[in-house]
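Chemist: Quick one: the structure is below, and I'll ask about it shortly.
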Amino acid sequence: MGSRRISVRMHRDIVTLPSGTSLEYVLFRPAQQDDAPEGNNKLAVCLHPWSWLGGRMTDPVLDIVAEPLLERGYQVLRYNSRGVGKSKGWPSLTGSKEVEDLQELVEWARSSRPNLSKLVILGYSHGSLIASMHPVLPDVDTAHMLLSYPLGPRQWLTAFHSHRYATTLKDLVCNSRSHVLIIYGDQDDFTSVESYDSWANVLRGCRAEKEQMAAEPGELKIVKITGASHFWREQQAVERLNDLIKSWVP
């Protein structure tokens with residue numbers, strides 16, 4: 001990670017999942033949790049951009065989003081998807097294997113945190129496609145953060161399985177127990193702001209219909225950040241993103 005405002009412990013290792021796939025990961029933990037028995041109860045799992053285009057867990061945007069999560073007391077787990085770095089296996093074109101890996105990784109992480117009460121699944125770019133496929137857990141407060149969701153190129157990023165991802169995302173947004181934060185820039189390099197705005201209105205409409213019948217208080221928050229590109233290199237946009245995440249995570 002880059003410069004940090006808080007002291008952080010880091011642990012790097014490889015985990016072998018039940019499917020047999022081995023994934024390289026790094027876990028960041030706020031140093032103040034050293035003597036805190038409740039330090040294992042908040043976890044954020046962060047997913048990187050498309051591996052076929054060089055995406056990996058060291059992506060600088062994941063550095064940006066990790067900072068506010070650590071400040072809010074979350075342990076941050078970042079990992080290389082299959083076929084990246086020291087992770088084994090072959091990346092899939094549809095993302096189906098990566099979805100399975102994420103679910104197994106979360107279960108592995110939970111096994112060492114029996115008191116886990118808050119889980120954030122955060123995906124950036126292609127990682128947000130995979131993150132959106134992870135279900136809301138029945139016994140853990142689950143939140144999804146989708147950053148620069150690749151709406152424009154979704155069709156070819158999923159080998160023409162876009163409908164599956166669109167349907168699952170709609171189901172997630174309409175789940176009365178879900179907490180979903182979607183963030184996009186109005187200067188995204190791959191999706192026009194008009195497409196994003198129209199898509200956001202559809203998702204909001206779906207959520208509004210469900211809220212009228214919901215017995216449990218979920219949440220959908222969609223934020224458009226002025227001046228932000230897909231790659232989040234603009235300082236003012238980064239500051240807005242940092243503040244937004246810090247104020248939103250439970």
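As shown in the structure tokens, the chain order sets the letters A, B, ...; within each chain, residues go from 1, and ligands are also counted from 1 in the order they appear.
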Neighbouring residues of His134 in chain A were defined as those with any atom within 10 Å, considering only C-alpha atoms; residues of the same chain fewer than 4 positions away were excluded. Please report them as a list in words.
Modeler: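 Here the qualifying residues turn out to be Val99, Glu100, Leu102, Gln103, Val106, Ile121, Leu129, Ile130, Thr142, His144, Thr168, Leu169 and Leu172 of chain A.
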Chemist: Pick out the residues sitting within 9 Å of range 72-78 of chain A, and hand them over as a PyMOL selection string; count only C-alpha atoms, and ignore anything fewer than 3 positions along from it in its own chain.
Modeler: chain A and resi 24-30+32-33+39-48+57-58+62+66-69+109+118-120+246+249-250
Chemist: Residues within 12 Å of Arg164 in chain A, please, as a list in words. Count only C-alpha atoms; anything in the same chain fewer than 6 positions from it doesn't count.
Modeler: Thr94, Gly95, Ser96, Leu129, Ile130, Ser132, Met133, Arg154, Gln155, Thr158, Lys170 and Asp171 of chain A
Chemist: Which one of A:Trp156, A:Trp232, A:Trp199, A:Asn115 sits closest to Asp63 in chain A if you count only C-alpha atoms?
Modeler: A:Trp232
Chemist: Could you write out, as a PyMOL selection string, all the residues of range 3-250 of chain A that DSSP marks as helix (DSSP H, G or I)?
Modeler: chain A and resi 31-35+51-53+60-71+96-111+126-131+154-157+162-174+193-211+235-248
